[in-house]
>>> print(open('data39.tsv').read())   # TSV, C-alpha atoms
chain	number	residue	atom	x	y	z
E	1	MET	CA	34.06	-40.31	-45.12
E	2	ALA	CA	34.50	-40.53	-41.34
E	3	LYS	CA	34.75	-43.89	-39.65
E	4	ALA	CA	32.03	-44.98	-37.25
E	5	PRO	CA	32.91	-44.45	-33.58
E	6	ARG	CA	34.64	-47.39	-31.97
E	7	ARG	CA	32.25	-48.51	-29.25
E	8	GLY	CA	31.92	-52.27	-29.68
E	9	PRO	CA	30.39	-54.67	-29.28
E	10	TYR	CA	33.64	-56.48	-28.62
E	11	ILE	CA	34.44	-60.15	-28.22
E	12	CYS	CA	37.17	-59.54	-25.62
E	13	GLY	CA	39.63	-56.96	-24.32
E	14	ILE	CA	42.12	-57.71	-27.10
E	15	ASP	CA	39.40	-56.88	-29.63
E	16	ALA	CA	38.74	-53.52	-27.91
E	17	ALA	CA	42.46	-52.73	-27.67
E	18	PHE	CA	43.15	-53.57	-31.30
E	19	ASP	CA	40.18	-51.44	-32.31
E	20	VAL	CA	41.92	-48.41	-30.81
E	21	LEU	CA	45.29	-49.49	-32.23
E	22	SER	CA	44.03	-50.21	-35.75
E	23	GLY	CA	46.43	-48.82	-38.32
E	24	LYS	CA	50.10	-49.45	-38.99
E	25	TRP	CA	51.38	-46.26	-37.38
E	26	LYS	CA	49.49	-45.92	-34.09
E	27	GLY	CA	51.78	-48.16	-32.06
E	28	LEU	CA	54.79	-46.34	-33.47
E	29	ILE	CA	53.25	-42.95	-32.67
E	30	LEU	CA	52.77	-44.15	-29.07
E	31	TRP	CA	56.40	-45.30	-28.98
E	32	GLU	CA	57.73	-42.03	-30.44
E	33	LEU	CA	55.72	-39.85	-28.06
E	34	ASP	CA	56.71	-42.00	-25.08
E	35	ALA	CA	60.38	-41.76	-26.01
E	36	HIS	CA	60.37	-37.99	-26.58
E	37	ARG	CA	57.42	-36.82	-24.40
E	38	VAL	CA	56.45	-33.89	-26.69
E	39	ARG	CA	56.72	-33.77	-30.47
E	40	ARG	CA	55.68	-31.36	-33.16
E	41	PHE	CA	54.10	-32.80	-36.30
E	42	ALA	CA	57.29	-32.55	-38.40
E	43	GLU	CA	59.34	-34.20	-35.64
E	44	LEU	CA	56.87	-37.09	-35.49
E	45	ARG	CA	56.98	-37.48	-39.25
E	46	ARG	CA	60.79	-37.55	-39.27
E	47	GLY	CA	60.75	-40.14	-36.47
E	48	LEU	CA	58.43	-42.43	-38.46
E	49	PRO	CA	60.09	-43.06	-41.83
E	50	GLY	CA	57.52	-43.94	-44.47
E	51	VAL	CA	54.44	-42.38	-42.88
E	52	SER	CA	52.54	-39.97	-45.12
E	53	GLU	CA	51.36	-36.59	-43.89
E	54	LYS	CA	47.76	-37.64	-44.51
E	55	MET	CA	48.06	-40.91	-42.56
E	56	LEU	CA	49.89	-39.26	-39.64
E	57	THR	CA	47.21	-36.56	-39.45
E	58	GLN	CA	44.42	-39.15	-39.57
E	59	HIS	CA	45.98	-41.34	-36.88
E	60	LEU	CA	46.73	-38.38	-34.60
E	61	ARG	CA	43.11	-37.20	-34.88
E	62	GLU	CA	41.78	-40.67	-34.07
E	63	MET	CA	44.19	-41.05	-31.16
E	64	GLU	CA	43.13	-37.66	-29.82
E	65	GLU	CA	39.45	-38.70	-30.07
E	66	ASP	CA	40.29	-41.94	-28.23
E	67	GLY	CA	41.97	-39.99	-25.42
E	68	LEU	CA	45.47	-41.34	-26.13
E	69	VAL	CA	47.12	-38.16	-27.44
E	70	HIS	CA	46.92	-34.57	-26.27
E	71	ARG	CA	47.17	-31.84	-28.93
E	72	LYS	CA	48.30	-28.43	-27.70
E	73	VAL	CA	48.03	-25.43	-30.02
E	74	HIS	CA	50.22	-22.46	-29.09
E	75	ALA	CA	48.80	-19.07	-30.06
E	76	GLU	CA	51.76	-17.97	-32.18
E	77	VAL	CA	52.33	-16.95	-35.76
E	78	PRO	CA	52.87	-19.37	-37.36
E	79	PRO	CA	50.85	-21.61	-35.05
E	80	ARG	CA	52.85	-24.23	-33.18
E	81	VAL	CA	51.16	-27.54	-32.40
E	82	GLU	CA	52.63	-30.09	-30.02
E	83	TYR	CA	51.55	-33.66	-29.34
E	84	SER	CA	52.06	-35.69	-26.18
E	85	LEU	CA	50.63	-38.81	-24.60
E	86	THR	CA	47.79	-38.59	-22.13
E	87	GLU	CA	47.88	-40.79	-19.04
E	88	HIS	CA	45.54	-43.16	-20.91
E	89	GLY	CA	48.05	-43.25	-23.80
E	90	ARG	CA	50.95	-43.93	-21.43
E	91	THR	CA	49.11	-46.87	-19.87
E	92	LEU	CA	48.42	-48.31	-23.33
E	93	ASN	CA	52.08	-47.90	-24.27
E	94	GLN	CA	53.09	-49.74	-21.07
E	95	ALA	CA	50.65	-52.54	-21.90
E	96	LEU	CA	52.32	-52.90	-25.30
E	97	GLY	CA	55.74	-53.46	-23.68
E	98	PRO	CA	55.48	-57.28	-23.58
E	99	LEU	CA	54.25	-57.31	-27.18
E	100	GLY	CA	57.29	-55.25	-28.18
E	101	ASP	CA	59.56	-57.69	-26.32
E	102	TRP	CA	57.95	-60.54	-28.25
E	103	GLY	CA	58.55	-58.64	-31.51
E	104	ASP	CA	62.21	-57.97	-30.61
E	105	GLU	CA	62.73	-61.69	-30.01
E	106	ARG	CA	61.04	-62.53	-33.30
E	107	MET	CA	63.27	-60.06	-35.19
E	108	ARG	CA	66.38	-61.59	-33.58
E	109	ARG	CA	65.22	-65.13	-34.36
E	110	GLU	CA	64.40	-64.27	-37.98
E	111	GLY	CA	67.44	-62.03	-38.49
E	112	ALA	CA	65.09	-59.25	-39.64
E	113	GLU	CA	66.41	-55.93	-40.83
E	114	VAL	CA	65.55	-53.04	-38.50
E	115	LEU	CA	65.38	-49.34	-39.33
E	116	ASP	CA	66.71	-46.88	-36.78
E	117	VAL	CA	64.80	-43.64	-36.21
E	118	ALA	CA	67.17	-41.79	-38.53
E	119	GLY	CA	65.98	-44.04	-41.34
E	120	SER	CA	69.15	-46.04	-41.97
E	121	ALA	CA	68.99	-49.82	-41.87
E	122	ARG	CA	70.59	-51.89	-39.14
E	123	GLY	CA	70.57	-55.64	-38.82
>>> encode(input="data39.tsv", output="structure tokens")
Amino acid sequence: MAKAPRRGPYICGIDAAFDVLSGKWKGLILWELDAHRVRRFAELRRGLPGVSEKMLTQHLREMEEDGLVHRKVHAEVPPRVEYSLTEHGRTLNQALGPLGDWGDERMRREGAEVLDVAGSARG
């Protein structure tokens, strides 16, 4: 069943932003696309250890509907699909920068384990 469109009413800007960012993987998809500019589905999935194909597909569709991600289908056999950030997606990713800095500081303070993009743990 499809989710209802996200159109408010909202309490504040944070509420509206989190509505678009709802889901564990959306912030990481933004980060991955910002870091690599253009990614195919399999490349995104490899860059996000633990994401299921179903969840990645769902989040990419929602992010495309919200104007954050551009999906380009190349007319080839087999079809090649590439994802990139829109300008709207880039501005959201920039807005998340201070939140990421806060998270980095929290991980350092707590001594949290961090996974690198290859999937191996680092501390």
>>> atom_distance(input="data39.tsv", atom1="atom CA of E:Val77", atom2="atom CA of E:Leu33")
24.4 Å
>>> residues_around(input="data39.tsv", residues="E:Arg39", least_positions_apart="4", cutoff="7 Å", atoms="all atoms listed in the file", output="PyMOL selection string")
chain E and resi 33+43-44+82-84
>>> residues_around(input="data39.tsv", residues="E:Thr91", least_positions_apart="2", cutoff="12 Å", atoms="all atoms listed in the file", output="list in words")
Ala17, Leu30, Trp31, Asp34, Gly67, Leu68, Val69, Leu85, Thr86, Glu87, His88, Gly89, Asn93, Gln94, Ala95, Leu96 and Gly97 of chain E
>>> atom_distance(input="data39.tsv", atom1="atom CA of E:Val81", atom2="atom CA of E:Arg40")
6.0 Å
>>> residues_around(input="data39.tsv", residues="E:Gly50", least_positions_apart="3", cutoff="12 Å", atoms="all atoms listed in the file", output="PyMOL selection string")
chain E and resi 24-25+28+44-47+53-56+115+117-119
>>> atom_distance(input="data39.tsv", atom1="atom CA of E:His74", atom2="atom CA of E:Ala42")
15.4 Å
>>> residues_around(input="data39.tsv", residues="E:Gln58", least_positions_apart="6", cutoff="10 Å", atoms="all atoms listed in the file", output="list in words")
Gly23, Ser52 and Glu64 of chain E
>>> closest_residue(input="data39.tsv", among="E:Glu32, E:Ile14, E:Pro49, E:Lys26", to="E:Val114", atoms="all atoms listed in the file")
E:Pro49
>>> build_atoms(input="data39.tsv", residues="stretch 9-20 of chain E", atoms="all heavy atoms", output="mmCIF file, in the coordinates of the input")
data_model
loop_
_atom_site.group_PDB
_atom_site.id
_atom_site.type_symbol
_atom_site.label_atom_id
_atom_site.label_comp_id
_atom_site.auth_asym_id
_atom_site.auth_seq_id
_atom_site.Cartn_x
_atom_site.Cartn_y
_atom_site.Cartn_z
ATOM 1 N N PRO E 9 30.076 -53.681 -30.317
ATOM 2 C CA PRO E 9 30.390 -54.670 -29.280
ATOM 3 C C PRO E 9 31.708 -55.388 -29.576
ATOM 4 O O PRO E 9 32.098 -55.543 -30.730
ATOM 5 C CB PRO E 9 29.218 -55.640 -29.343
ATOM 6 C CG PRO E 9 28.716 -55.546 -30.747
ATOM 7 C CD PRO E 9 28.982 -54.119 -31.181
ATOM 8 N N TYR E 10 32.357 -55.804 -28.513
ATOM 9 C CA TYR E 10 33.640 -56.480 -28.620
ATOM 10 C C TYR E 10 33.524 -57.914 -28.134
ATOM 11 O O TYR E 10 32.699 -58.230 -27.288
ATOM 12 C CB TYR E 10 34.707 -55.744 -27.805
ATOM 13 C CG TYR E 10 34.957 -54.335 -28.284
ATOM 14 C CD1 TYR E 10 34.638 -53.246 -27.488
ATOM 15 C CD2 TYR E 10 35.495 -54.104 -29.537
ATOM 16 C CE1 TYR E 10 34.878 -51.951 -27.933
ATOM 17 C CE2 TYR E 10 35.729 -52.815 -29.990
ATOM 18 C CZ TYR E 10 35.417 -51.743 -29.181
ATOM 19 O OH TYR E 10 35.652 -50.476 -29.622
ATOM 20 N N ILE E 11 34.387 -58.753 -28.631
ATOM 21 C CA ILE E 11 34.440 -60.150 -28.220
ATOM 22 C C ILE E 11 35.230 -60.277 -26.910
ATOM 23 O O ILE E 11 34.891 -61.065 -26.045
ATOM 24 C CB ILE E 11 35.069 -61.015 -29.325
ATOM 25 C CG1 ILE E 11 34.177 -60.982 -30.564
ATOM 26 C CG2 ILE E 11 35.314 -62.437 -28.853
ATOM 27 C CD1 ILE E 11 34.818 -61.586 -31.793
ATOM 28 N N CYS E 12 36.303 -59.475 -26.801
ATOM 29 C CA CYS E 12 37.170 -59.540 -25.620
ATOM 30 C C CYS E 12 37.985 -58.252 -25.538
ATOM 31 O O CYS E 12 37.889 -57.394 -26.403
ATOM 32 C CB CYS E 12 38.089 -60.758 -25.696
ATOM 33 S SG CYS E 12 39.260 -60.671 -27.084
ATOM 34 N N GLY E 13 38.802 -58.144 -24.504
ATOM 35 C CA GLY E 13 39.630 -56.960 -24.320
ATOM 36 C C GLY E 13 40.641 -56.752 -25.434
ATOM 37 O O GLY E 13 40.949 -55.619 -25.807
ATOM 38 N N ILE E 14 41.175 -57.829 -25.978
ATOM 39 C CA ILE E 14 42.120 -57.710 -27.100
ATOM 40 C C ILE E 14 41.427 -57.066 -28.284
ATOM 41 O O ILE E 14 41.986 -56.193 -28.959
ATOM 42 C CB ILE E 14 42.683 -59.106 -27.490
ATOM 43 C CG1 ILE E 14 43.524 -59.690 -26.364
ATOM 44 C CG2 ILE E 14 43.468 -59.040 -28.792
ATOM 45 C CD1 ILE E 14 44.854 -59.018 -26.143
ATOM 46 N N ASP E 15 40.195 -57.459 -28.545
ATOM 47 C CA ASP E 15 39.400 -56.880 -29.630
ATOM 48 C C ASP E 15 39.244 -55.372 -29.425
ATOM 49 O O ASP E 15 39.462 -54.578 -30.343
ATOM 50 C CB ASP E 15 38.034 -57.570 -29.678
ATOM 51 C CG ASP E 15 37.182 -57.193 -30.878
ATOM 52 O OD1 ASP E 15 37.717 -56.656 -31.860
ATOM 53 O OD2 ASP E 15 35.965 -57.455 -30.818
ATOM 54 N N ALA E 16 38.913 -54.952 -28.211
ATOM 55 C CA ALA E 16 38.740 -53.520 -27.910
ATOM 56 C C ALA E 16 40.065 -52.770 -28.039
ATOM 57 O O ALA E 16 40.111 -51.658 -28.563
ATOM 58 C CB ALA E 16 38.166 -53.349 -26.502
ATOM 59 N N ALA E 17 41.151 -53.379 -27.574
ATOM 60 C CA ALA E 17 42.460 -52.730 -27.670
ATOM 61 C C ALA E 17 42.903 -52.583 -29.114
ATOM 62 O O ALA E 17 43.377 -51.526 -29.528
ATOM 63 C CB ALA E 17 43.499 -53.534 -26.871
ATOM 64 N N PHE E 18 42.744 -53.647 -29.902
ATOM 65 C CA PHE E 18 43.150 -53.570 -31.300
ATOM 66 C C PHE E 18 42.279 -52.607 -32.091
ATOM 67 O O PHE E 18 42.725 -52.032 -33.078
ATOM 68 C CB PHE E 18 43.157 -54.951 -31.948
ATOM 69 C CG PHE E 18 44.370 -55.776 -31.631
ATOM 70 C CD1 PHE E 18 45.336 -55.335 -30.742
ATOM 71 C CD2 PHE E 18 44.563 -57.003 -32.222
ATOM 72 C CE1 PHE E 18 46.455 -56.083 -30.454
ATOM 73 C CE2 PHE E 18 45.683 -57.765 -31.949
ATOM 74 C CZ PHE E 18 46.635 -57.307 -31.057
ATOM 75 N N ASP E 19 41.041 -52.420 -31.662
ATOM 76 C CA ASP E 19 40.180 -51.440 -32.310
ATOM 77 C C ASP E 19 40.793 -50.050 -32.200
ATOM 78 O O ASP E 19 40.841 -49.294 -33.164
ATOM 79 C CB ASP E 19 38.787 -51.476 -31.677
ATOM 80 C CG ASP E 19 37.748 -50.707 -32.463
ATOM 81 O OD1 ASP E 19 37.990 -50.419 -33.661
ATOM 82 O OD2 ASP E 19 36.701 -50.388 -31.889
ATOM 83 N N VAL E 20 41.287 -49.712 -31.023
ATOM 84 C CA VAL E 20 41.920 -48.410 -30.810
ATOM 85 C C VAL E 20 43.273 -48.334 -31.506
ATOM 86 O O VAL E 20 43.688 -47.279 -31.965
ATOM 87 C CB VAL E 20 42.078 -48.141 -29.291
ATOM 88 C CG1 VAL E 20 42.914 -46.907 -29.019
ATOM 89 C CG2 VAL E 20 40.712 -48.007 -28.640
#
